[in-house]
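Just below is one structure, and these are the notes that go with it.
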Protein chains: 2
Amino acid sequence: MKKKGKSIKEIAKLSGVSTATISRVINDKGGYTKETKQRILDIIRENNYEINSIAKSLRVSKSDTIGIIVPDISNEFFSTLIKKIESYFFNENYTTIICNTDYNEEKESEYLKILENKMVDGLIIISGQKEFSTEFLRKKIPVVCVDRKPIKNDDVVFIESDHYNGGFLATEKLIKEACKNILIIINRSFLSSSQYRLSGYKKALNKYNMDFKRENMLILDINNSKVKNSKEAVLKKYEDGITFDGIFATNDQLAIGAMEAVSELNLRIPQDVKIIGFDNDSFSKYTNPPLTTIHQNHDLIVERTCKSLIQMINGENTEKYQNIPVKLIKRKSI
Amino acid sequence: MKKKGKSIKEIAKLSGVSTATISRVINDKGGYTKETKQRILDIIRENNYEINSIAKSLRVSKSDTIGIIVPDISNEFFSTLIKKIESYFFNENYTTIICNTDYNEEKESEYLKILENKMVDGLIIISGQKEFSTEFLRKKIPVVCVDRKPIKNDDVVFIESDHYNGGFLATEKLIKEACKNILIIINRSFLSSSQYRLSGYKKALNKYNMDFKRENMLILDINNSKVKNSKEAVLKKYEDGITFDGIFATNDQLAIGAMEAVSELNLRIPQDVKIIGFDNDSFSKYTNPPLTTIHQNHDLIVERTCKSLIQMINGENTEKYQNIPVKLIKRKSI
């Protein structure tokens, strides 16, 4: 593998084009000018590279297919990413196959096996369980993890939104709007993204000299009915005598549950309780009142993910950790 | 193939279990009692069936993988179906791979090729373009179409919600609530589901002796920004001097756009304009006011789809056309 990669790289260097273009020329895939093609073929001949063996090794080792592993295809944030990733790769002559794991470890390892057997050229792992380990893979294959921390491994790129700053921005905004008792609602607390959002919340409290109170944390860790469970958890806190004037819900569905609870308690949003969500789901601007939330930059996440994976497939270097900025979208729930 | 199918069927008949169980026993997959296994193996021996050749043919022809083709993975109705389909098949020892086609014919035929090459045992085609044709498939493979009419073919099962009755129920409800001028908003008018919903609308008007007016039809046929485009289309109708007191939006996102337009016109929902959507998306109960909509029965669609495909894979007969009832969910937008 290394030798082949080197040959292609050398040809690329001599021809002044990318290794992807070399691969396309050798495989007769189009997407380059006649002149480029001729130049590359000349260089290959001049340097006595064996085009057939290169072509053969490329054909054998490349399926032009990317595999995506996702825990919940019905989560809008994930499905939007996947749709854009598929589109990006299709324009680069790759097809994409998607597997849904239901946050289930057994399924995940089964689907990793299947994608390996289907000879995918690269893998994208979106969120899921705890840290991602390549030990489930039998061979070396380029992997990009999105919103999921990999166990340290040089073959894995890790791309995530700045969840920490998102948690900080949301909480700071509530504090600046004069909230004194801010609940935080978390689902899937085992995810690194959840942990970072919580850390951002604590950081903001700390910055403004407010105490972090354990009883202000609502941890759900459920698979379904996020809205309903969030609503019930907030009502329970109220019954338990916990008073609050601000809620940071670490995703928009949890925020909707919180809004329902607050309405049921005959409290007003935002006059009595201010609420901020996370993700900027498409429905968040249509809630009553429209939800203030933290926006993740889908387009940039997708671009970085796809570019990095293609670089890895072509044996090029790529940044191993990439942190994507978030921003607060102000609407009427604060 | 036929001969093999027949053998398995005979064994199944003699053992009093399904062909799926026979297949599991031969492939040592579990999910049956020791007694069942022994009984089946005895019957195979007694009848001189060659277990190895059966097993071999099963193993060669089966990948235990199902392929799903979907036009838009970020559409909540589709992604919810897929999630449930995956779960059903995983419990039946099948894995599922999903391909997103972006309503693009080129992509669709590419992905069909890929799924064939990956040797899937069966295909599920969810919605998409115009009628589905098996001519893109090079070999016979069981296919279930969901919400997409197949060109008549004995190897294809067609399962859909009763879109016609859904359109009828929505329109009839608006009429019974005293609406005199009812707009209908349609996206992707080329889909059979859209056509049926429109027919149901016309049928209801006809039943109550109301004229069908072409100017009351808003046809969008766009790929993105359904909410925004729907809103603008309704505002345009109003500017054009079309008056209306009811809107049937053929999906919930279009309904939200309509709600936005009505609010912007300073009309009240439901006092001045009544609105009904379609799909019962999860956000529809959180709009302001909560949206009345037509509910499609996900669970039944999924059950019928998966059962039918497994029956076809096992060479059993299955109903070729299955129509799934819908119901109206009354909320405060009427």
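Following the order of the structure tokens, first chain is A, next is B, and so on, with residues numbered from 1 inside each chain and ligands from 1 in the order they appear.
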- Message: Report as a list in words all protein, DNA and RNA residues lying within 8 Å of Leu123 (chain B), evaluated on only C-alpha atoms, omitting residues in the same chain fewer than 6 positions from it.
- Response: Ile66, Gly67, Ile68, Ile69, Ile141, Pro142, Val143, Val144 and Leu309 of chain B
- Write out as a PyMOL selection string every residue belonging to chain B that has an atom at most 7 Å from any atom of chain A, counting only C-alpha atoms. chain B and resi 73-74+76+79-80+83+96-99+118+283+286-288
- Message: I want to know what sits within 12 Å of region 265-269 of chain B, based on only C-alpha atoms, with residues of the same chain fewer than 3 positions away left out; could you give that as a PyMOL selection string?
- Response: chain B and resi 231-232+234-239+243-247+255-256+258-262+272-276+287-292+331-334
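Note that the spacing between CA of Ile85 (chain B) and CA of Asn187 (chain B) amounts to 25.6 Å.
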- Task: Within region 64-270 of chain B, find each residue whose DSSP state, derived from the backbone, is strand (DSSP E), and express the selection as a VMD selection string.
- Result: chain B and resid 65 to 70 95 to 100 122 to 126 143 to 146 156 to 161 182 to 186 217 to 219 246 to 249
Export C-alpha atoms of the chosen residues as a PDB file, in the first residue's frame?
```
ATOM      1  CA  THR B  65     -28.618  -7.363   3.959  1.00  0.00           C
ATOM      2  CA  ILE B  66     -31.517  -5.165   2.891  1.00  0.00           C
ATOM      3  CA  GLY B  67     -31.065  -2.007   0.834  1.00  0.00           C
ATOM      4  CA  ILE B  68     -33.201   1.103   1.271  1.00  0.00           C
ATOM      5  CA  ILE B  69     -33.446   3.889  -1.293  1.00  0.00           C
ATOM      6  CA  VAL B  70     -34.877   7.176  -0.001  1.00  0.00           C
ATOM      7  CA  THR B  95     -28.690  -5.611   8.406  1.00  0.00           C
ATOM      8  CA  THR B  96     -29.843  -2.582   6.466  1.00  0.00           C
ATOM      9  CA  ILE B  97     -27.935  -0.164   4.292  1.00  0.00           C
ATOM     10  CA  ILE B  98     -29.479   3.141   3.334  1.00  0.00           C
ATOM     11  CA  CYS B  99     -28.872   5.346   0.283  1.00  0.00           C
ATOM     12  CA  ASN B 100     -30.098   8.927  -0.131  1.00  0.00           C
ATOM     13  CA  GLY B 122     -34.189  -7.261  -1.004  1.00  0.00           C
ATOM     14  CA  LEU B 123     -34.859  -3.622  -1.699  1.00  0.00           C
ATOM     15  CA  ILE B 124     -37.170  -1.065  -0.143  1.00  0.00           C
ATOM     16  CA  ILE B 125     -37.872   1.981  -2.290  1.00  0.00           C
ATOM     17  CA  ILE B 126     -39.406   4.872  -0.349  1.00  0.00           C
ATOM     18  CA  VAL B 143     -38.721  -5.057  -4.044  1.00  0.00           C
ATOM     19  CA  VAL B 144     -41.220  -3.278  -1.798  1.00  0.00           C
ATOM     20  CA  CYS B 145     -42.203   0.239  -2.853  1.00  0.00           C
ATOM     21  CA  VAL B 146     -43.502   2.516  -0.103  1.00  0.00           C
ATOM     22  CA  VAL B 156     -42.850  -5.603  -6.602  1.00  0.00           C
ATOM     23  CA  VAL B 157     -45.129  -5.010  -3.618  1.00  0.00           C
ATOM     24  CA  PHE B 158     -46.674  -1.529  -3.290  1.00  0.00           C
ATOM     25  CA  ILE B 159     -47.564  -0.199   0.161  1.00  0.00           C
ATOM     26  CA  GLU B 160     -48.957   3.268   0.757  1.00  0.00           C
ATOM     27  CA  SER B 161     -51.088   5.267   3.134  1.00  0.00           C
ATOM     28  CA  ILE B 182     -60.255  26.297   0.579  1.00  0.00           C
ATOM     29  CA  LEU B 183     -56.731  26.588  -0.817  1.00  0.00           C
ATOM     30  CA  ILE B 184     -54.684  23.438  -1.395  1.00  0.00           C
ATOM     31  CA  ILE B 185     -50.863  23.638  -1.272  1.00  0.00           C
ATOM     32  CA  ILE B 186     -48.907  20.895  -3.012  1.00  0.00           C
ATOM     33  CA  MET B 217     -54.331  25.335  -6.137  1.00  0.00           C
ATOM     34  CA  LEU B 218     -50.793  26.340  -5.071  1.00  0.00           C
ATOM     35  CA  ILE B 219     -48.221  24.061  -6.711  1.00  0.00           C
ATOM     36  CA  GLY B 246     -59.419  27.428   4.789  1.00  0.00           C
ATOM     37  CA  ILE B 247     -56.094  25.893   3.750  1.00  0.00           C
ATOM     38  CA  PHE B 248     -55.298  22.224   3.189  1.00  0.00           C
ATOM     39  CA  ALA B 249     -51.498  21.950   3.129  1.00  0.00           C
TER      40      ALA B 249
END
```
